[in-house]
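I have placed the structure first, in the form of C-alpha cells, so that the comments after it can refer back to it.
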Amino acid sequence: MKRVLLKLSGEALAGDKKTGFDEPTVIGVAQQVKQLTEQGIQVGVVIGGGNFWRGRSSKNIERSKADQIGMLATVMNCLYVSEIFRSVGMKTLILTPFICGGFSEVYSFDRAQQALNEGTVVFFAGGTGHPYFSTDTATVLRAIEIDADVILLAKSIDGVYDSDPADNPEAKKYDEVTIDEVIEKKLGVVDMTASILCRENKMPMLVFGLQGENSIVNTVSGAFTGTRVTV
C-alpha cells in the first residue's frame with residue numbers, strides 16, 4: 001500500500017469512557033500511524049464525532065443545525081488527534097471544507113496531494129461540509145479523491161457481522177464480504193450513500209477493531225483479523 005485513508009470512530013477514541021478522549025488510546029494510534037509513515041505509506045485521516053455529538057439523535061434541533069454541530073465535533077477531534085500525532089514526531093495538516101479561522105486550511109485537492117506527497121499526515125475534518133452527509137460519506141469521498149489504495153475502517157468492534165453482536169451473541173462475523181452484499185443485506189458497515197460510492201468507484205475497505213493490539217499496523221502489513229470488504 002502506498003496511500004491509505006484511515007477512518008477512526010469517535011467512540012473508539014473515547015475508549016471505555018464512551019465520551020471525550022482516552023489519551024493512551026490516541027497515543028497508541030499515533031505510534032502506529034508513525035510506523036506507517038516511516039515505511040513511506042501516505043496517510044489521510046477522517047474522524048467521526050460520535051464521542052461528542054450525534055446530530056441524528058437530537059429531536060429538538062433542526063437537522064441541518066444538528067449536523068453542523070457534528071461537523072464541528074469532527075474538527076475538535078482532528079485538532080486533538082493531530083496534536084497527539086505531532087507529539088510523537090509526525091507532521092500534520094488539517095483541512096476543512098469551510099473556513100475555521102486559524103484552526104485549519106480550506107480543503108483543496110492540490111493542497112491535499114502536496115501534503116501527502118511530502119509525507120504529512122492529512123486530517124480531513126468537517127465531513128463534506130454539508131448536512132445530511134455523514135463522516136462515512138466524507139471518508140469514501142476523500143479516499144476516492146486522493147486515490148487511496150484502501151480505506152482502513154477502525155471501529156469499536158472487530159469486523160462486519162450479520163447482526164449486531166451487542167444484541168445477538170450468535171452473530172456471525174464475516175472474513176470477507178462484497179460491497180454488494182453490504183448493500184443488499186444492510187450490514188451497516190458504512191451508510192448507504194458511502195456504500196454506493198464505494199461500489200461505483202471500486203474502493204475497497206478493511207474493517208477492524210481499533211482496540212486490538214497493533215491493529216492498524218497489522219491490518220496494513222497483512223496480519224489482518226477483521227473483515228475485508230471487496231468491490
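Letters for chains follow the order of the C-alpha cells (A, B, ...), residue numbers begin at 1 for each chain, and ligand numbers begin at 1 in the order shown.
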Determine, counting only C-alpha atoms, which protein, DNA and RNA residues have an atom within 9 Å of an atom of Gln68 in chain A; residues of the same chain fewer than 5 positions away are not included. Present the result as an mmCIF file with N, CA, C and O atoms, in the first residue's frame.
data_model
loop_
_atom_site.group_PDB
_atom_site.id
_atom_site.type_symbol
_atom_site.label_atom_id
_atom_site.label_comp_id
_atom_site.auth_asym_id
_atom_site.auth_seq_id
_atom_site.Cartn_x
_atom_site.Cartn_y
_atom_site.Cartn_z
ATOM 1 N N GLY A 55 -25.845 14.162 15.676
ATOM 2 C CA GLY A 55 -26.929 15.060 15.319
ATOM 3 C C GLY A 55 -28.254 14.363 15.138
ATOM 4 O O GLY A 55 -29.313 14.892 15.501
ATOM 5 N N ARG A 63 -32.429 19.535 11.716
ATOM 6 C CA ARG A 63 -31.403 18.591 11.276
ATOM 7 C C ARG A 63 -30.154 19.284 10.719
ATOM 8 O O ARG A 63 -29.026 18.881 11.019
ATOM 9 N N ALA A 73 -17.757 18.927 15.818
ATOM 10 C CA ALA A 73 -17.213 17.866 16.687
ATOM 11 C C ALA A 73 -16.056 17.154 16.001
ATOM 12 O O ALA A 73 -15.044 16.837 16.639
ATOM 13 N N GLY A 126 -14.464 18.065 9.377
ATOM 14 C CA GLY A 126 -15.656 18.792 8.971
ATOM 15 C C GLY A 126 -16.563 18.070 7.998
ATOM 16 O O GLY A 126 -17.466 18.676 7.423
ATOM 17 N N GLY A 129 -18.933 19.093 4.665
ATOM 18 C CA GLY A 129 -19.317 20.487 4.786
ATOM 19 C C GLY A 129 -20.796 20.735 4.578
ATOM 20 O O GLY A 129 -21.254 21.877 4.631
ATOM 21 N N HIS A 130 -21.546 19.670 4.354
ATOM 22 C CA HIS A 130 -22.976 19.792 4.083
ATOM 23 C C HIS A 130 -23.772 18.898 5.021
ATOM 24 O O HIS A 130 -23.322 17.791 5.355
ATOM 25 N N PRO A 131 -24.954 19.331 5.449
ATOM 26 C CA PRO A 131 -25.805 18.465 6.275
ATOM 27 C C PRO A 131 -26.290 17.266 5.469
ATOM 28 O O PRO A 131 -26.251 17.262 4.241
#
Query raised in the report: Could you name the residues that touch range 5-12 of chain A at 7 Å or less, counting only C-alpha atoms, but leaving out those on the same chain fewer than 3 positions away, as a PyMOL selection string?
Result: chain A and resi 15+18-19+43-51+139+143+148+150-156+210
Selected residues, N, CA, C and O atoms, written as an mmCIF file, in the first residue's frame, please.
data_model
loop_
_atom_site.group_PDB
_atom_site.id
_atom_site.type_symbol
_atom_site.label_atom_id
_atom_site.label_comp_id
_atom_site.auth_asym_id
_atom_site.auth_seq_id
_atom_site.Cartn_x
_atom_site.Cartn_y
_atom_site.Cartn_z
ATOM 1 N N GLY A 15 -12.518 5.239 24.127
ATOM 2 C CA GLY A 15 -12.265 4.072 24.965
ATOM 3 C C GLY A 15 -13.453 3.722 25.830
ATOM 4 O O GLY A 15 -14.610 3.906 25.434
ATOM 5 N N LYS A 18 -16.447 6.310 26.720
ATOM 6 C CA LYS A 18 -17.585 6.497 25.791
ATOM 7 C C LYS A 18 -17.760 7.933 25.332
ATOM 8 O O LYS A 18 -18.563 8.198 24.441
ATOM 9 N N THR A 19 -17.064 8.868 25.941
ATOM 10 C CA THR A 19 -17.170 10.263 25.523
ATOM 11 C C THR A 19 -15.814 10.928 25.713
ATOM 12 O O THR A 19 -14.990 10.482 26.522
ATOM 13 N N VAL A 43 -0.700 8.781 4.544
ATOM 14 C CA VAL A 43 -1.877 8.542 5.381
ATOM 15 C C VAL A 43 -2.780 9.772 5.425
ATOM 16 O O VAL A 43 -2.334 10.871 5.775
ATOM 17 N N GLY A 44 -4.046 9.585 5.067
ATOM 18 C CA GLY A 44 -5.084 10.560 5.327
ATOM 19 C C GLY A 44 -5.967 10.037 6.447
ATOM 20 O O GLY A 44 -6.080 8.820 6.640
ATOM 21 N N VAL A 45 -6.579 10.926 7.204
ATOM 22 C CA VAL A 45 -7.374 10.527 8.368
ATOM 23 C C VAL A 45 -8.711 11.266 8.371
ATOM 24 O O VAL A 45 -8.755 12.485 8.152
ATOM 25 N N VAL A 46 -9.782 10.524 8.630
ATOM 26 C CA VAL A 46 -11.093 11.100 8.919
ATOM 27 C C VAL A 46 -11.518 10.571 10.284
ATOM 28 O O VAL A 46 -11.324 9.389 10.583
ATOM 29 N N ILE A 47 -12.073 11.444 11.112
ATOM 30 C CA ILE A 47 -12.518 11.033 12.448
ATOM 31 C C ILE A 47 -13.989 11.384 12.608
ATOM 32 O O ILE A 47 -14.415 12.500 12.291
ATOM 33 N N GLY A 48 -14.773 10.446 13.092
ATOM 34 C CA GLY A 48 -16.169 10.710 13.391
ATOM 35 C C GLY A 48 -16.310 11.597 14.612
ATOM 36 O O GLY A 48 -15.345 11.858 15.332
ATOM 37 N N GLY A 49 -17.526 12.049 14.868
ATOM 38 C CA GLY A 49 -17.746 12.948 16.000
ATOM 39 C C GLY A 49 -18.587 12.359 17.116
ATOM 40 O O GLY A 49 -19.030 13.076 18.017
ATOM 41 N N GLY A 50 -18.800 11.035 17.069
ATOM 42 C CA GLY A 50 -19.731 10.402 17.993
ATOM 43 C C GLY A 50 -19.343 10.442 19.454
ATOM 44 O O GLY A 50 -20.183 10.202 20.326
ATOM 45 N N ASN A 51 -18.075 10.736 19.757
ATOM 46 C CA ASN A 51 -17.674 10.873 21.159
ATOM 47 C C ASN A 51 -18.108 12.207 21.750
ATOM 48 O O ASN A 51 -18.007 12.430 22.954
ATOM 49 N N THR A 139 -15.512 10.069 4.297
ATOM 50 C CA THR A 139 -14.382 9.147 4.225
ATOM 51 C C THR A 139 -14.215 8.586 2.817
ATOM 52 O O THR A 139 -13.120 8.625 2.239
ATOM 53 N N ALA A 143 -11.262 9.444 0.129
ATOM 54 C CA ALA A 143 -10.444 8.312 -0.326
ATOM 55 C C ALA A 143 -10.418 8.233 -1.845
ATOM 56 O O ALA A 143 -9.369 7.982 -2.462
ATOM 57 N N ALA A 148 -6.732 6.772 -2.814
ATOM 58 C CA ALA A 148 -6.191 5.855 -1.808
ATOM 59 C C ALA A 148 -6.288 4.414 -2.299
ATOM 60 O O ALA A 148 -7.185 4.060 -3.072
ATOM 61 N N VAL A 150 -6.848 1.904 -0.265
ATOM 62 C CA VAL A 150 -7.858 1.230 0.549
ATOM 63 C C VAL A 150 -8.297 2.159 1.671
ATOM 64 O O VAL A 150 -7.554 3.068 2.064
ATOM 65 N N ILE A 151 -9.498 1.931 2.174
ATOM 66 C CA ILE A 151 -9.967 2.594 3.388
ATOM 67 C C ILE A 151 -9.743 1.651 4.561
ATOM 68 O O ILE A 151 -10.162 0.486 4.520
ATOM 69 N N LEU A 152 -9.075 2.135 5.589
ATOM 70 C CA LEU A 152 -8.902 1.385 6.834
ATOM 71 C C LEU A 152 -9.971 1.871 7.803
ATOM 72 O O LEU A 152 -9.915 3.005 8.280
ATOM 73 N N LEU A 153 -10.946 1.024 8.073
ATOM 74 C CA LEU A 153 -12.106 1.418 8.872
ATOM 75 C C LEU A 153 -11.938 0.872 10.285
ATOM 76 O O LEU A 153 -12.253 -0.279 10.571
ATOM 77 N N ALA A 154 -11.414 1.723 11.180
ATOM 78 C CA ALA A 154 -11.155 1.316 12.562
ATOM 79 C C ALA A 154 -12.377 1.607 13.412
ATOM 80 O O ALA A 154 -12.763 2.757 13.591
ATOM 81 N N LYS A 155 -12.980 0.543 13.943
ATOM 82 C CA LYS A 155 -14.247 0.688 14.665
ATOM 83 C C LYS A 155 -14.102 0.179 16.098
ATOM 84 O O LYS A 155 -13.052 -0.319 16.493
ATOM 85 N N SER A 156 -15.190 0.291 16.834
ATOM 86 C CA SER A 156 -15.181 -0.202 18.210
ATOM 87 C C SER A 156 -15.454 -1.707 18.272
ATOM 88 O O SER A 156 -15.326 -2.316 19.334
ATOM 89 N N LEU A 210 -10.307 -1.153 16.486
ATOM 90 C CA LEU A 210 -9.182 -0.296 16.839
ATOM 91 C C LEU A 210 -8.475 -0.779 18.097
ATOM 92 O O LEU A 210 -7.257 -0.647 18.227
#
Report task. For Lys202 in chain A, list every protein, DNA or RNA residue within 10 Å, evaluated using only C-alpha atoms, and leave out those in the same chain fewer than 5 positions away; present the list as a list in words. Result -> Ile144, Val150, Ile179, Ile196, Leu197, Thr230 and Val231 of chain A
Query raised in the report: Do you know which residues are at most 12 Å from Gln35 in chain A counting only C-alpha atoms, after dropping those on the same chain fewer than 4 positions away, and could you put them as a ChimeraX atom specification?
Result: /A:28-31,39-43,85,88-90,214,216-218,220-221
Do a neighbour search on Ala66 in chain A at 12 Å with only C-alpha atoms, toss out local chain neighbours closer than 3 positions, and write the hits as a short mmCIF file (atom, residue, chain, number, x, y, z; two decimals) with N, CA and C atoms, in the first residue's frame.
data_model
loop_
_atom_site.label_atom_id
_atom_site.label_comp_id
_atom_site.auth_asym_id
_atom_site.auth_seq_id
_atom_site.Cartn_x
_atom_site.Cartn_y
_atom_site.Cartn_z
N GLY A 49 -17.53 12.05 14.87
CA GLY A 49 -17.75 12.95 16.00
C GLY A 49 -18.59 12.36 17.12
N TRP A 53 -20.96 14.24 19.76
CA TRP A 53 -22.29 14.63 19.29
C TRP A 53 -22.75 13.72 18.17
N ARG A 54 -24.02 13.34 18.25
CA ARG A 54 -24.66 12.64 17.13
C ARG A 54 -25.91 13.42 16.78
N GLY A 55 -25.85 14.16 15.68
CA GLY A 55 -26.93 15.06 15.32
C GLY A 55 -28.25 14.36 15.14
N ARG A 56 -28.23 13.15 14.58
CA ARG A 56 -29.49 12.47 14.30
C ARG A 56 -30.19 11.98 15.57
N SER A 57 -29.51 12.02 16.69
CA SER A 57 -30.13 11.57 17.94
C SER A 57 -30.92 12.69 18.61
N SER A 58 -30.79 13.92 18.11
CA SER A 58 -31.50 15.04 18.70
C SER A 58 -32.85 15.23 18.02
N LYS A 59 -33.90 15.32 18.82
CA LYS A 59 -35.25 15.52 18.28
C LYS A 59 -35.71 16.97 18.42
N ASN A 60 -34.88 17.80 19.04
CA ASN A 60 -35.30 19.16 19.34
C ASN A 60 -34.58 20.22 18.51
N ILE A 61 -33.65 19.80 17.68
CA ILE A 61 -32.86 20.73 16.88
C ILE A 61 -33.08 20.41 15.40
N GLU A 62 -33.20 21.43 14.60
CA GLU A 62 -33.36 21.25 13.17
C GLU A 62 -32.17 20.49 12.61
N ARG A 63 -32.43 19.53 11.72
CA ARG A 63 -31.40 18.59 11.28
C ARG A 63 -30.15 19.28 10.72
N ILE A 69 -23.31 21.01 14.06
CA ILE A 69 -22.65 20.74 15.35
C ILE A 69 -21.77 19.51 15.23
N GLY A 70 -22.28 18.47 14.55
CA GLY A 70 -21.50 17.26 14.33
C GLY A 70 -20.23 17.53 13.54
N MET A 71 -20.32 18.40 12.53
CA MET A 71 -19.13 18.75 11.76
C MET A 71 -18.08 19.39 12.64
N LEU A 72 -18.51 20.28 13.54
CA LEU A 72 -17.57 20.93 14.44
C LEU A 72 -16.98 19.93 15.44
N ALA A 73 -17.76 18.93 15.82
CA ALA A 73 -17.21 17.87 16.69
C ALA A 73 -16.06 17.15 16.00
N HIS A 130 -21.55 19.67 4.35
CA HIS A 130 -22.98 19.79 4.08
C HIS A 130 -23.77 18.90 5.02
N PRO A 131 -24.95 19.33 5.45
CA PRO A 131 -25.80 18.46 6.28
C PRO A 131 -26.29 17.27 5.47
N TYR A 132 -26.74 16.25 6.18
CA TYR A 132 -27.30 15.03 5.61
C TYR A 132 -26.24 14.10 5.01
N PHE A 133 -24.96 14.47 5.11
CA PHE A 133 -23.89 13.60 4.66
C PHE A 133 -23.01 13.26 5.86
N SER A 134 -22.83 11.98 6.13
CA SER A 134 -22.12 11.53 7.31
C SER A 134 -20.61 11.55 7.09
#
Report task. Check the smallest atom-to-atom distance from each of A:Phe103, A:Phe52, A:Phe109, A:Tyr174 to Leu141 in chain A using only C-alpha atoms, then report the winner. Result -> A:Phe109
**Report entry** Interatomic distance (Å, one decimal) between CA of Glu23 in chain A and CA of Val75 in chain A
**Finding:**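 One can read the CA of Glu23 in chain A to CA of Val75 in chain A distance as 17.1 Å.
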Requested in this report: Extract the full set of helix (DSSP H, G or I) residues from range 16-67 of chain A according to DSSP on the backbone, and format it as an NGL selection string.
Outcome: :A and (16-17 or 23-38 or 55-57 or 63-67)
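The residue set within 12 Å of Asp175 in chain A, counting only C-alpha atoms and dropping same-chain residues fewer than 5 places from it, reads Asp158, Gly159, Val160, Tyr161, Asp162, Leu206, Val207, Phe208, Phe224, Thr225, Gly226, Thr227, Arg228, Val229 and Thr230 of chain A.
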**Report entry** Gap from CA of Arg142 in chain A to CA of Phe124 in chain A - Å, one decimal
**Finding:** 7.7 Å
Query raised in the report: Can you list, as a PyMOL selection string, every residue of chain A that DSSP puts in strand (DSSP E)?
Result: chain A and resi 3-8+42-47+92-96+105-106+121-124+150-155+160-161+173-174+176-178+205-209+227-230
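Minimum atom-to-atom distances from A:Lys173, A:Lys34, A:Lys65, A:Arg111 to Lys91 in chain A were compared using only C-alpha atoms, and the lowest value belongs to A:Lys34.
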Report task. Can you work out which one of A:Val4, A:Gly188, A:Arg86, A:Phe123 has the shortest atom-to-atom distance to Met205 in chain A, counting only C-alpha atoms? Result -> A:Val4
Query raised in the report: Just how far from CA of Glu38 in chain A is CA of Met1 in chain A, in Å to one decimal?
Result: 13.0 Å
Report task. Using only C-alpha atoms, find the one residue out of A:Asp136, A:Asp149, A:Asp180, A:Glu105 that sits nearest to Glu200 in chain A. Result -> A:Asp180
Query - Spatial neighbours of Asp110 in chain A, 12 Å, only C-alpha atoms, chain gap at least 4 places, as a list in words - result: Leu95, Val106, Gln114, Ala115, Leu116, Asn117, Glu145 and Ile146 of chain A
Report task. Name the closest residue to Thr25 in chain A among the candidates A:Ile94, A:Glu83, A:Val121, A:Glu213; distances are taken between atoms, counting only C-alpha atoms. Result -> A:Glu213
